[in-house]
Amino acid sequence: MSPADTHIPDPAAVAQPIGDPLGEVLHLLKLSGTFYCQTDLSAPWGFNVPKVDGVLAFIVVTEGQCWLEIGDRKPLLIGQGNLVLLTSGAPHILRSGPDAKTEDLASLPVRKITDAYETLHYGGGGDVTRAMYGIVRFDHAAGQRLMAMLPDVLKIDTWQGYAGTWLQSTLQFISNEARQLRPGGETVITRLADVVVIEAIRNWINTAPEANTGWLQALRDAQIGQAIMAMHRTPAEGWTVETLAKTAGMSRSAFSARFTALVGQSAMQYLTVWRMQLARQKLLETGLPLATIADSLGYTSEPAFSRAFKRVFGVSPGQIRHKKEASPAQ
């Protein structure tokens with residue numbers, strides 16, 4: 001059975017409160033910290049970071065500089081106040097200079113503060129580089145989709161206007177907090193680091209030409225953006241092409257053609273993928289019964305929900321949940 005269609009939403013009512021579709025997506029961004037490391041490094045130093053799938057790594061240099069190497073790319077110099085996001089999870093190297101020897105990150109003398117926060121004092125006693133290195137995940141489906149659109153390497157050299165002022169102050173605050181390590185300092189540092197990462201993404205969205213394509217361009221579109229947000233807000237509704245077109249204030253044919261041209265898939269395909277992304281999130285984060293999750297996303301038939309899930313992810317909902325339950329022992 002297909003998703004429930006007994007309750008058809010009033011498109012005008014759904015569209016009414018929606019003001020800024022792209023802003024709403026940014027509001028949904030929620031980072032889950034996997035690992036944070038505040039470093040105090042003295043040249044020469046260097047370490048290798050292994051591949052980690054499904055995460056975003058970031059480096060913020062608060063003092064000094066370092067070199068970043070990823071595969072065959074030209075080495076990238078990261079200076080004080082710079083921030084680099086690595087979105088592909090690819091293995092990489094950080095070091096004080098192009099010729100500095102490197103060691104595996106896991107072999108370095110870190111000091112464990114909490115399960116997710118460490119400090120590292122390491123190096124040969126020369127010029128000092130202080131930086132924060134973190135690995136985070138996007139919890140929400142919107143964040144996961146956005147991360148897939150980001151470039152593999154995103155470097156921000158300068159921050160413009162007001163954002164530059166408070167971000168530099170925030171980086172300085174992170175640096176000071178790391179030196180003092182007062183009670184609760186690791187919580188303050190990790191929360192502020194999340195804010196800096198999200199602001200970097202906003203900066204890219206607002207300035208990069210490639211950020212005005214595909215899904216992001218569709219969110220900015222005055223009509224298609226309204227339909228996307230309607231699906232995001234009420235994924236369990238019995239949406240059809242007709243009701244989505246009405247929400248967008250367009251004819252059915254014009255809406256279908258424009259949605260597909262901007263997003264790269266039909267509106268109903270998008271809705272299914274969005275529902276399954278939300279379902280995956282619920283499977284990983286809650287212990288809700290499968291039938292309850294299916295119902296919350298508009299499916300009155302658990303088998304139909306499971307078939308849709310497997311079409312999107314290639315595995316069954318039960319396999320995702322089993323992976324979640326097994327992960328603590330891994």
# chains A, B, ... in the order shown; residues from 1 in each chain; ligands from 1
$ residues_around --residues "region 50-58 of chain A" --least-positions-apart "5" --cutoff "12 Å" --atoms "only C-alpha atoms" --output "number ranges by chain"
A: 31-38, 68, 70-71, 78, 82-94, 103-106, 131-139, 143-148, 150-156, 190, 193-194, 196-198, 200-201
$ select_by_dssp --residues "region 28-89 of chain A" --states "strand (DSSP E)" --output "MDAnalysis selection string"
chainID A and resid 31:42 46:49 56:63 65:69 76:79 83:86
$ residues_around --residues "Thr240 (chain A)" --least-positions-apart "2" --cutoff "10 Å" --atoms "only C-alpha atoms" --output "ChimeraX atom specification"
/A:5,8,237-238,242-246,252,267-268,271
$ write_last_selection --atoms "N, CA, C and O atoms" --output "PDB file, in the first residue's frame"
ATOM      1  N   ASP A   5      -3.318   8.408   2.068  1.00  0.00           N
ATOM      2  CA  ASP A   5      -3.794   9.580   1.364  1.00  0.00           C
ATOM      3  C   ASP A   5      -5.184   9.989   1.844  1.00  0.00           C
ATOM      4  O   ASP A   5      -5.921  10.671   1.149  1.00  0.00           O
ATOM      5  N   ILE A   8      -5.666  14.880   3.005  1.00  0.00           N
ATOM      6  CA  ILE A   8      -4.974  15.743   2.062  1.00  0.00           C
ATOM      7  C   ILE A   8      -4.854  17.125   2.691  1.00  0.00           C
ATOM      8  O   ILE A   8      -5.849  17.711   3.114  1.00  0.00           O
ATOM      9  N   GLU A 237       1.948  13.785   5.318  1.00  0.00           N
ATOM     10  CA  GLU A 237       0.751  14.152   4.575  1.00  0.00           C
ATOM     11  C   GLU A 237       0.668  13.386   3.262  1.00  0.00           C
ATOM     12  O   GLU A 237       1.688  12.947   2.723  1.00  0.00           O
ATOM     13  N   GLY A 238      -0.538  13.274   2.750  1.00  0.00           N
ATOM     14  CA  GLY A 238      -0.745  12.542   1.493  1.00  0.00           C
ATOM     15  C   GLY A 238      -0.475  13.397   0.283  1.00  0.00           C
ATOM     16  O   GLY A 238      -1.359  13.640  -0.547  1.00  0.00           O
ATOM     17  N   GLU A 242      -0.365  17.228  -7.633  1.00  0.00           N
ATOM     18  CA  GLU A 242      -1.363  18.289  -7.721  1.00  0.00           C
ATOM     19  C   GLU A 242      -1.341  19.192  -6.486  1.00  0.00           C
ATOM     20  O   GLU A 242      -1.363  20.426  -6.606  1.00  0.00           O
ATOM     21  N   THR A 243      -1.299  18.601  -5.283  1.00  0.00           N
ATOM     22  CA  THR A 243      -1.326  19.431  -4.083  1.00  0.00           C
ATOM     23  C   THR A 243      -0.017  20.187  -3.885  1.00  0.00           C
ATOM     24  O   THR A 243      -0.007  21.313  -3.392  1.00  0.00           O
ATOM     25  N   LEU A 244       1.083  19.589  -4.295  1.00  0.00           N
ATOM     26  CA  LEU A 244       2.351  20.288  -4.208  1.00  0.00           C
ATOM     27  C   LEU A 244       2.404  21.453  -5.204  1.00  0.00           C
ATOM     28  O   LEU A 244       2.916  22.533  -4.887  1.00  0.00           O
ATOM     29  N   ALA A 245       1.877  21.229  -6.396  1.00  0.00           N
ATOM     30  CA  ALA A 245       1.830  22.306  -7.390  1.00  0.00           C
ATOM     31  C   ALA A 245       0.973  23.452  -6.884  1.00  0.00           C
ATOM     32  O   ALA A 245       1.323  24.635  -7.052  1.00  0.00           O
ATOM     33  N   LYS A 246      -0.148  23.137  -6.238  1.00  0.00           N
ATOM     34  CA  LYS A 246      -1.011  24.181  -5.689  1.00  0.00           C
ATOM     35  C   LYS A 246      -0.297  24.946  -4.587  1.00  0.00           C
ATOM     36  O   LYS A 246      -0.411  26.170  -4.482  1.00  0.00           O
ATOM     37  N   ARG A 252       0.181  21.963 -12.614  1.00  0.00           N
ATOM     38  CA  ARG A 252       0.798  20.657 -12.379  1.00  0.00           C
ATOM     39  C   ARG A 252       1.974  20.429 -13.323  1.00  0.00           C
ATOM     40  O   ARG A 252       3.061  20.002 -12.894  1.00  0.00           O
ATOM     41  N   ALA A 267       9.238  15.352  -7.919  1.00  0.00           N
ATOM     42  CA  ALA A 267       8.781  15.736  -6.582  1.00  0.00           C
ATOM     43  C   ALA A 267       8.429  14.519  -5.737  1.00  0.00           C
ATOM     44  O   ALA A 267       8.741  14.476  -4.542  1.00  0.00           O
ATOM     45  N   MET A 268       7.797  13.520  -6.327  1.00  0.00           N
ATOM     46  CA  MET A 268       7.401  12.347  -5.552  1.00  0.00           C
ATOM     47  C   MET A 268       8.610  11.484  -5.191  1.00  0.00           C
ATOM     48  O   MET A 268       8.663  10.867  -4.125  1.00  0.00           O
ATOM     49  N   LEU A 271      10.134  13.281  -2.271  1.00  0.00           N
ATOM     50  CA  LEU A 271       9.361  13.042  -1.049  1.00  0.00           C
ATOM     51  C   LEU A 271       9.684  11.678  -0.454  1.00  0.00           C
ATOM     52  O   LEU A 271       9.870  11.539   0.757  1.00  0.00           O
TER      53      LEU A 271
END
$ residues_around --residues "Leu290 (chain A)" --least-positions-apart "2" --cutoff "9 Å" --atoms "only C-alpha atoms" --output "PDB file with all heavy atoms, in the first residue's frame"
ATOM      1  N   LEU A 283      15.386   5.339  13.126  1.00  0.00           N
ATOM      2  CA  LEU A 283      15.865   3.989  13.411  1.00  0.00           C
ATOM      3  C   LEU A 283      17.168   4.022  14.205  1.00  0.00           C
ATOM      4  O   LEU A 283      17.400   3.196  15.086  1.00  0.00           O
ATOM      5  CB  LEU A 283      16.068   3.217  12.105  1.00  0.00           C
ATOM      6  CG  LEU A 283      14.797   2.757  11.386  1.00  0.00           C
ATOM      7  CD1 LEU A 283      15.120   2.330   9.959  1.00  0.00           C
ATOM      8  CD2 LEU A 283      14.133   1.603  12.146  1.00  0.00           C
ATOM      9  N   GLY A 287      14.130   3.856  19.730  1.00  0.00           N
ATOM     10  CA  GLY A 287      13.747   2.453  19.758  1.00  0.00           C
ATOM     11  C   GLY A 287      12.307   2.255  19.337  1.00  0.00           C
ATOM     12  O   GLY A 287      11.691   1.232  19.654  1.00  0.00           O
ATOM     13  N   LEU A 288      11.764   3.230  18.606  1.00  0.00           N
ATOM     14  CA  LEU A 288      10.364   3.148  18.188  1.00  0.00           C
ATOM     15  C   LEU A 288      10.128   1.920  17.312  1.00  0.00           C
ATOM     16  O   LEU A 288      10.980   1.569  16.484  1.00  0.00           O
ATOM     17  CB  LEU A 288       9.986   4.405  17.397  1.00  0.00           C
ATOM     18  CG  LEU A 288       9.901   5.716  18.174  1.00  0.00           C
ATOM     19  CD1 LEU A 288       9.711   6.885  17.220  1.00  0.00           C
ATOM     20  CD2 LEU A 288       8.751   5.653  19.187  1.00  0.00           C
ATOM     21  N   THR A 292       5.393   2.130  13.989  1.00  0.00           N
ATOM     22  CA  THR A 292       5.194   3.504  14.449  1.00  0.00           C
ATOM     23  C   THR A 292       5.952   4.485  13.561  1.00  0.00           C
ATOM     24  O   THR A 292       5.441   5.546  13.197  1.00  0.00           O
ATOM     25  CB  THR A 292       5.662   3.656  15.902  1.00  0.00           C
ATOM     26  OG1 THR A 292       4.922   2.754  16.723  1.00  0.00           O
ATOM     27  CG2 THR A 292       5.466   5.073  16.401  1.00  0.00           C
ATOM     28  N   ILE A 293       7.190   4.136  13.210  1.00  0.00           N
ATOM     29  CA  ILE A 293       7.981   4.997  12.328  1.00  0.00           C
ATOM     30  C   ILE A 293       7.307   5.102  10.966  1.00  0.00           C
ATOM     31  O   ILE A 293       7.206   6.191  10.397  1.00  0.00           O
ATOM     32  CB  ILE A 293       9.413   4.447  12.188  1.00  0.00           C
ATOM     33  CG1 ILE A 293      10.146   4.532  13.534  1.00  0.00           C
ATOM     34  CG2 ILE A 293      10.181   5.211  11.112  1.00  0.00           C
ATOM     35  CD1 ILE A 293      11.526   3.911  13.530  1.00  0.00           C
ATOM     36  N   ALA A 294       6.853   3.970  10.440  1.00  0.00           N
ATOM     37  CA  ALA A 294       6.188   3.975   9.140  1.00  0.00           C
ATOM     38  C   ALA A 294       4.965   4.882   9.160  1.00  0.00           C
ATOM     39  O   ALA A 294       4.763   5.709   8.261  1.00  0.00           O
ATOM     40  CB  ALA A 294       5.796   2.550   8.749  1.00  0.00           C
ATOM     41  N   ASP A 295       4.162   4.749  10.212  1.00  0.00           N
ATOM     42  CA  ASP A 295       2.939   5.549  10.326  1.00  0.00           C
ATOM     43  C   ASP A 295       3.262   7.038  10.440  1.00  0.00           C
ATOM     44  O   ASP A 295       2.566   7.875   9.873  1.00  0.00           O
ATOM     45  CB  ASP A 295       2.134   5.086  11.539  1.00  0.00           C
ATOM     46  CG  ASP A 295       0.813   5.833  11.662  1.00  0.00           C
ATOM     47  OD1 ASP A 295      -0.061   5.629  10.800  1.00  0.00           O
ATOM     48  OD2 ASP A 295       0.662   6.636  12.622  1.00  0.00           O
ATOM     49  N   GLU A 302       3.365  -1.481   6.796  1.00  0.00           N
ATOM     50  CA  GLU A 302       4.764  -1.672   7.152  1.00  0.00           C
ATOM     51  C   GLU A 302       5.566  -2.306   6.008  1.00  0.00           C
ATOM     52  O   GLU A 302       6.692  -1.887   5.741  1.00  0.00           O
ATOM     53  CB  GLU A 302       4.871  -2.511   8.420  1.00  0.00           C
ATOM     54  CG  GLU A 302       6.278  -2.604   8.969  1.00  0.00           C
ATOM     55  CD  GLU A 302       6.333  -3.379  10.284  1.00  0.00           C
ATOM     56  OE1 GLU A 302       5.422  -3.214  11.102  1.00  0.00           O
ATOM     57  OE2 GLU A 302       7.306  -4.145  10.468  1.00  0.00           O
ATOM     58  N   SER A 306       8.875  -0.736   4.253  1.00  0.00           N
ATOM     59  CA  SER A 306      10.148  -1.459   4.197  1.00  0.00           C
ATOM     60  C   SER A 306      10.660  -1.562   2.773  1.00  0.00           C
ATOM     61  O   SER A 306      11.875  -1.435   2.522  1.00  0.00           O
ATOM     62  CB  SER A 306       9.983  -2.861   4.798  1.00  0.00           C
ATOM     63  OG  SER A 306       9.667  -2.779   6.175  1.00  0.00           O
ATOM     64  N   PRO A 317      15.050  -1.777   6.853  1.00  0.00           N
ATOM     65  CA  PRO A 317      15.062  -1.025   8.114  1.00  0.00           C
ATOM     66  C   PRO A 317      15.613  -1.853   9.268  1.00  0.00           C
ATOM     67  O   PRO A 317      16.330  -1.338  10.126  1.00  0.00           O
ATOM     68  CB  PRO A 317      13.584  -0.679   8.338  1.00  0.00           C
ATOM     69  CG  PRO A 317      12.977  -0.712   6.975  1.00  0.00           C
ATOM     70  CD  PRO A 317      13.711  -1.786   6.240  1.00  0.00           C
ATOM     71  N   GLY A 318      15.296  -3.149   9.273  1.00  0.00           N
ATOM     72  CA  GLY A 318      15.789  -4.013  10.337  1.00  0.00           C
ATOM     73  C   GLY A 318      17.306  -4.110  10.349  1.00  0.00           C
ATOM     74  O   GLY A 318      17.920  -4.185  11.415  1.00  0.00           O
TER      75      GLY A 318
END
$ atom_distance --atom1 "CA of Ala308 (chain A)" --atom2 "CA of Leu278 (chain A)"
12.6 Å
$ residues_around --residues "Gly46 (chain A)" --least-positions-apart "3" --cutoff "7 Å" --atoms "only C-alpha atoms" --output "ChimeraX atom specification"
/A:94-96,100-103
$ closest_residue --among "A:Gly81, A:Gly97, A:Pro75, A:Gly126" --to "Thr62 (chain A)" --atoms "only C-alpha atoms"
A:Gly81
$ atom_distance --atom1 "CA of Val61 (chain A)" --atom2 "CA of Ala116 (chain A)"
19.6 Å
$ residues_around --residues "Phe305 (chain A)" --least-positions-apart "4" --cutoff "10 Å" --atoms "only C-alpha atoms" --output "MDAnalysis selection string"
chainID A and resid 1:3 272 275:276 279 290:291 293:295 297:301 309:311 316:317
$ select_by_dssp --residues "region 60-275 of chain A" --states "alpha helix (DSSP H)" --output "number ranges by chain"
A: 141-149, 161-180, 185-207, 214-220, 224-233, 241-248, 252-263, 267-275
